[in-house]
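Raw contents of my_file-v4.tsv, TSV, C-alpha atoms:
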```tsv
chain	number	residue	atom	x	y	z
A	21	MET	CA	-94.67	178.32	54.33
A	22	PHE	CA	-91.10	177.75	55.52
A	23	PRO	CA	-88.87	180.80	54.90
A	24	LEU	CA	-86.19	180.30	52.26
A	25	ILE	CA	-83.05	182.41	52.76
A	26	SER	CA	-80.74	182.88	49.80
A	27	THR	CA	-77.20	184.24	50.09
A	28	PRO	CA	-74.62	184.74	47.33
A	29	ARG	CA	-73.45	181.12	47.56
A	30	LEU	CA	-76.02	179.33	49.71
A	31	ARG	CA	-79.66	178.37	50.00
A	32	LEU	CA	-81.07	177.88	53.48
A	33	ARG	CA	-84.19	175.80	52.95
A	34	SER	CA	-86.58	173.56	54.82
A	35	PHE	CA	-85.46	170.05	55.70
A	36	GLU	CA	-86.98	167.23	53.66
A	37	LEU	CA	-87.08	163.52	54.49
A	38	SER	CA	-84.86	162.99	51.44
A	39	ASP	CA	-82.10	164.82	53.38
A	40	ALA	CA	-81.80	161.90	55.81
A	41	ARG	CA	-78.76	160.34	54.10
A	42	SER	CA	-76.86	163.67	53.96
A	43	PHE	CA	-77.89	164.50	57.54
A	44	TYR	CA	-76.63	161.08	58.62
A	45	GLU	CA	-73.28	161.75	56.93
A	46	LEU	CA	-73.04	165.07	58.79
A	47	MET	CA	-74.04	163.79	62.22
A	48	SER	CA	-71.89	160.66	62.05
A	49	ASN	CA	-68.75	162.57	61.02
A	50	ARG	CA	-66.22	162.48	63.88
A	51	ASP	CA	-64.72	165.86	62.92
A	52	VAL	CA	-68.15	167.51	63.02
A	53	LEU	CA	-69.03	165.86	66.35
A	54	LYS	CA	-65.70	166.62	68.03
A	55	TYR	CA	-67.03	169.70	69.83
A	56	LEU	CA	-70.77	169.00	69.85
A	57	GLY	CA	-70.88	166.74	72.92
A	58	ARG	CA	-73.11	164.10	71.38
A	59	ASP	CA	-72.81	160.59	70.02
A	60	ALA	CA	-72.66	159.84	66.33
A	61	VAL	CA	-75.95	158.75	64.84
A	62	THR	CA	-76.01	155.12	63.76
A	63	SER	CA	-78.60	154.98	60.98
A	64	VAL	CA	-80.33	156.94	58.26
A	65	GLU	CA	-83.62	156.00	59.94
A	66	MET	CA	-82.57	157.91	63.05
A	67	MET	CA	-82.12	161.00	60.91
A	68	GLU	CA	-85.51	160.52	59.27
A	69	GLU	CA	-87.01	160.65	62.78
A	70	ARG	CA	-84.89	163.70	63.61
A	71	ILE	CA	-86.05	165.48	60.44
A	72	SER	CA	-89.67	164.69	61.31
A	73	GLY	CA	-89.02	166.26	64.73
A	74	ILE	CA	-87.45	169.35	63.14
A	75	LEU	CA	-90.46	169.79	60.85
A	76	GLU	CA	-92.86	169.33	63.78
A	77	SER	CA	-90.95	171.91	65.86
A	78	TYR	CA	-91.28	174.40	63.02
A	79	LYS	CA	-95.00	173.70	62.65
A	80	ASN	CA	-95.45	174.25	66.41
A	81	GLY	CA	-93.39	177.47	66.35
A	82	GLU	CA	-90.81	176.06	68.78
A	83	ALA	CA	-87.62	175.99	66.71
A	84	PHE	CA	-86.53	176.53	63.12
A	85	TYR	CA	-83.71	174.60	61.44
A	86	TRP	CA	-82.65	175.11	57.85
A	87	ALA	CA	-80.77	172.69	55.61
A	88	ILE	CA	-77.75	174.44	54.07
A	89	CYS	CA	-77.14	173.83	50.35
A	90	THR	CA	-75.04	175.53	47.74
A	91	HIS	CA	-76.73	177.10	44.72
A	92	ASP	CA	-74.96	174.52	42.53
A	93	ASP	CA	-76.19	171.43	44.38
A	94	PRO	CA	-79.43	170.78	46.28
A	95	LYS	CA	-77.70	168.24	48.55
A	96	MET	CA	-77.66	169.32	52.20
A	97	VAL	CA	-74.11	170.08	53.40
A	98	GLY	CA	-74.95	171.52	56.80
A	99	ASN	CA	-77.66	172.91	59.01
A	100	ILE	CA	-78.34	176.09	60.94
A	101	GLY	CA	-81.16	177.34	63.08
A	102	PHE	CA	-82.47	178.32	66.47
A	103	GLN	CA	-83.99	176.60	69.49
A	104	ASN	CA	-84.63	177.22	73.19
A	105	TRP	CA	-86.84	180.17	72.26
A	106	GLN	CA	-87.33	182.37	75.34
A	107	LYS	CA	-90.39	184.22	74.05
A	108	PRO	CA	-90.87	186.56	77.06
A	109	ASN	CA	-87.24	187.69	76.65
A	110	ASN	CA	-87.14	187.80	72.82
A	111	ARG	CA	-84.02	185.63	73.01
A	112	THR	CA	-83.09	182.36	71.36
A	113	GLU	CA	-80.11	180.05	70.93
A	114	VAL	CA	-78.50	179.54	67.53
A	115	GLY	CA	-76.72	176.40	66.41
A	116	TYR	CA	-74.98	175.24	63.26
A	117	SER	CA	-72.80	172.56	61.68
A	118	ILE	CA	-71.35	171.96	58.22
A	119	MET	CA	-69.37	169.18	56.56
A	120	PRO	CA	-65.57	169.50	56.88
A	121	ALA	CA	-65.17	169.73	53.09
A	122	PHE	CA	-66.85	173.16	53.38
A	123	TRP	CA	-64.80	174.46	56.32
A	124	GLY	CA	-62.52	177.48	55.86
A	125	LYS	CA	-64.44	178.89	52.87
A	126	GLY	CA	-66.49	181.51	54.73
A	127	LEU	CA	-69.73	179.63	54.05
A	128	MET	CA	-70.81	179.41	57.68
A	129	THR	CA	-70.07	183.13	58.12
A	130	GLU	CA	-72.40	183.73	55.18
A	131	ALA	CA	-75.08	181.44	56.64
A	132	LEU	CA	-74.86	182.72	60.23
A	133	SER	CA	-74.88	186.39	59.24
A	134	ALA	CA	-77.96	185.77	57.06
A	135	LEU	CA	-79.64	183.93	59.93
A	136	CYS	CA	-78.90	186.81	62.33
A	137	LEU	CA	-80.35	189.29	59.84
A	138	TYR	CA	-83.49	187.15	59.54
A	139	LEU	CA	-83.86	186.70	63.32
A	140	PHE	CA	-83.40	190.39	64.09
A	141	GLU	CA	-85.22	192.03	61.18
A	142	TYR	CA	-88.00	189.52	60.53
A	143	MET	CA	-88.47	187.57	63.77
A	144	LYS	CA	-87.74	190.66	65.92
A	145	PHE	CA	-85.51	188.90	68.44
A	146	HIS	CA	-83.70	191.18	70.86
A	147	SER	CA	-80.73	188.88	71.51
A	148	LEU	CA	-79.17	185.67	70.27
A	149	GLU	CA	-77.09	183.19	72.21
A	150	ALA	CA	-74.61	180.50	71.20
A	151	ASN	CA	-73.35	177.79	73.55
A	152	ILE	CA	-70.10	176.27	72.29
A	153	ASP	CA	-67.12	174.27	73.41
A	154	PRO	CA	-64.48	176.97	74.10
A	155	ALA	CA	-61.85	174.68	72.57
A	156	ASN	CA	-63.60	174.99	69.21
A	157	THR	CA	-61.51	177.90	67.95
A	158	GLY	CA	-63.21	177.83	64.54
A	159	SER	CA	-66.59	178.44	66.15
A	160	VAL	CA	-65.15	181.15	68.40
A	161	LYS	CA	-63.73	182.97	65.35
A	162	LEU	CA	-67.00	182.58	63.45
A	163	LEU	CA	-69.11	184.02	66.27
A	164	GLU	CA	-66.73	186.93	66.85
A	165	LYS	CA	-66.59	187.71	63.12
A	166	VAL	CA	-70.39	188.01	63.01
A	167	GLY	CA	-70.36	190.23	66.13
A	168	PHE	CA	-71.10	187.90	69.04
A	169	VAL	CA	-69.32	188.65	72.32
A	170	LYS	CA	-68.37	186.24	75.06
A	171	GLU	CA	-70.72	186.43	78.05
A	172	ALA	CA	-69.53	183.53	80.17
A	173	HIS	CA	-67.21	180.59	80.48
A	174	PHE	CA	-68.66	177.79	82.56
A	175	ARG	CA	-66.02	175.39	83.76
A	176	GLU	CA	-66.76	171.65	83.55
A	177	ASN	CA	-70.50	172.28	83.63
A	178	TYR	CA	-71.61	169.19	81.71
A	179	VAL	CA	-70.59	165.56	81.33
A	180	TYR	CA	-70.24	163.74	78.05
A	181	GLY	CA	-68.45	160.47	77.42
A	182	GLY	CA	-67.41	160.18	81.06
A	183	LYS	CA	-65.56	163.51	80.95
A	184	PHE	CA	-66.43	167.00	82.19
A	185	TRP	CA	-66.49	169.74	79.54
A	186	ASP	CA	-66.54	173.54	79.61
A	187	SER	CA	-69.12	175.77	77.89
A	188	GLY	CA	-68.59	179.16	76.30
A	189	ILE	CA	-71.66	181.39	76.07
A	190	TYR	CA	-71.68	184.09	73.37
A	191	SER	CA	-74.40	186.62	72.62
A	192	LEU	CA	-75.39	189.21	70.07
A	193	ILE	CA	-77.91	192.01	70.69
A	194	ASP	CA	-80.01	193.34	67.82
A	195	ARG	CA	-78.62	196.90	67.95
A	196	GLU	CA	-75.05	195.56	67.82
A	197	PHE	CA	-75.48	193.52	64.66
A	198	VAL	CA	-73.98	195.23	61.62
A	199	TRP	CA	-74.11	193.79	58.13
A	200	LYS	CA	-70.55	193.74	56.82
A	201	GLU	CA	-69.50	193.83	53.20
A	202	GLU	CA	-67.53	190.62	53.73
A	203	PHE	CA	-70.83	188.81	54.41
A	204	GLY	CA	-71.78	189.34	50.76
A	205	ASN	CA	-75.02	190.86	49.47
A	206	LYS	CA	-77.81	191.09	52.02
A	207	PRO	CA	-80.32	188.31	51.50
A	208	SER	CA	-83.87	189.33	50.71
A	209	LEU	CA	-86.18	188.54	53.60
A	210	PRO	CA	-89.93	187.91	53.70
A	211	ALA	CA	-92.10	190.97	54.36
A	212	ASN	CA	-92.31	191.89	58.04
A	213	LYS	CA	-94.97	190.10	60.02
```
Representation of the structure as structure tokens:
Amino acid sequence: MFPLISTPRLRLRSFELSDARSFYELMSNRDVLKYLGRDAVTSVEMMEERISGILESYKNGEAFYWAICTHDDPKMVGNIGFQNWQKPNNRTEVGYSIMPAFWGKGLMTEALSALCLYLFEYMKFHSLEANIDPANTGSVKLLEKVGFVKEAHFRENYVYGGKFWDSGIYSLIDREFVWKEEFGNKPSLPANK
């Protein structure tokens, strides 16, 4: 069964095919895509295929992605999860996005801190990594607020849209993660494996 994570304002739940329209709205939004280094999706059908892939990755134990919803509305407003699972190293890469209407409200801090708690306490990861565009100051502030530290800045290490872009690599080690009061109440997690 897919793990549901509940925070004071959010529900992190499994993706459903019915999320395709909302996922399309998210991944075709120019403001959301500005720092992601990928093209906008062009159809709801593309997102149905993507959701099927997300569900398959979960079933195969390769990656987990949650749909982010508020408690007031089951409509997906963002997503968060992990991929590139380095099992021998107990390390994985986290990623996230949320609709601009929900920016600046502390919701992604709430979601990311809950995800970190889940990954460290339940999944027993040793370290987490985030790979972001260093120009994305909102993402930098989010990661630092949750406790991530900058490990590296790779200059012009990938090409997108005919232009070279930089990458900022941030990490968080399990013993460094501290639940802060500003994150809200700790979410309840499934029993340890």
For range 90-104 of chain A, find every residue with an atom within 8 Å (counting all atoms listed in the file), except residues of its own chain fewer than 4 positions away, and show them as a JSON list (two decimals) with C-alpha atoms, in the frame of the given file.
```json
[["chain", "number", "residue", "atom", "x", "y", "z"],
["A", 29, "ARG", "CA", -73.45, 181.12, 47.56],
["A", 30, "LEU", "CA", -76.02, 179.33, 49.71],
["A", 31, "ARG", "CA", -79.66, 178.37, 50.00],
["A", 39, "ASP", "CA", -82.10, 164.82, 53.38],
["A", 42, "SER", "CA", -76.86, 163.67, 53.96],
["A", 43, "PHE", "CA", -77.89, 164.50, 57.54],
["A", 46, "LEU", "CA", -73.04, 165.07, 58.79],
["A", 82, "GLU", "CA", -90.81, 176.06, 68.78],
["A", 83, "ALA", "CA", -87.62, 175.99, 66.71],
["A", 84, "PHE", "CA", -86.53, 176.53, 63.12],
["A", 85, "TYR", "CA", -83.71, 174.60, 61.44],
["A", 86, "TRP", "CA", -82.65, 175.11, 57.85],
["A", 112, "THR", "CA", -83.09, 182.36, 71.36],
["A", 113, "GLU", "CA", -80.11, 180.05, 70.93],
["A", 114, "VAL", "CA", -78.50, 179.54, 67.53],
["A", 115, "GLY", "CA", -76.72, 176.40, 66.41],
["A", 116, "TYR", "CA", -74.98, 175.24, 63.26],
["A", 117, "SER", "CA", -72.80, 172.56, 61.68],
["A", 118, "ILE", "CA", -71.35, 171.96, 58.22],
["A", 119, "MET", "CA", -69.37, 169.18, 56.56],
["A", 122, "PHE", "CA", -66.85, 173.16, 53.38],
["A", 131, "ALA", "CA", -75.08, 181.44, 56.64],
["A", 132, "LEU", "CA", -74.86, 182.72, 60.23],
["A", 135, "LEU", "CA", -79.64, 183.93, 59.93]]
```
Which residue is closest to Asn80 in chain A? Choose from A:Lys206, A:Gly57, A:Trp105, A:Ala121 and count all atoms listed in the file. A:Trp105
CA of Glu45 in chain A to CA of Trp123 in chain A: how many Å, to one decimal? 15.3 Å
Which residue, A:Leu162, A:Glu141, A:Leu192, A:Asn110, has the smallest gap to Lys125 in chain A when you use only C-alpha atoms?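 Among A:Leu162, A:Glu141, A:Leu192, A:Asn110, it is A:Leu162 that comes nearest to Lys125 in chain A.
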What is the CA of Lys161 in chain A-CA of Gly124 in chain A distance in Å, reported with one decimal?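 Pair CA of Lys161 in chain A / CA of Gly124 in chain A returns 11.0 Å.
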Draw an axis-aligned box over all listed atoms of range 105-109 of chain A, pad each side with 6 Å, and write its centre and edge lengths in Å, one decimal, as AutoDock Vina command-line options.
```
--center_x -88.9 --center_y 183.9 --center_z 74.7 --size_x 16.0 --size_y 19.5 --size_z 16.8
```
Hey, what's within 7 Å of range 68-75 of chain A if we count all atoms listed in the file and toss same-chain stuff fewer than 4 positions away? As a list of chain:residue names, please? A:Phe35, A:Leu37, A:Ala40, A:Val64, A:Lys79, A:Tyr85
Could you write those residues out with C-alpha atoms, as a tab-separated table (two decimals), in the coordinates of the input?
```tsv
chain	number	residue	atom	x	y	z
A	35	PHE	CA	-85.46	170.05	55.70
A	37	LEU	CA	-87.08	163.52	54.49
A	40	ALA	CA	-81.80	161.90	55.81
A	64	VAL	CA	-80.33	156.94	58.26
A	79	LYS	CA	-95.00	173.70	62.65
A	85	TYR	CA	-83.71	174.60	61.44
```
Quick one: distance from CA of Asp186 in chain A to CA of Phe168 in chain A in Å, one decimal? 18.4 Å
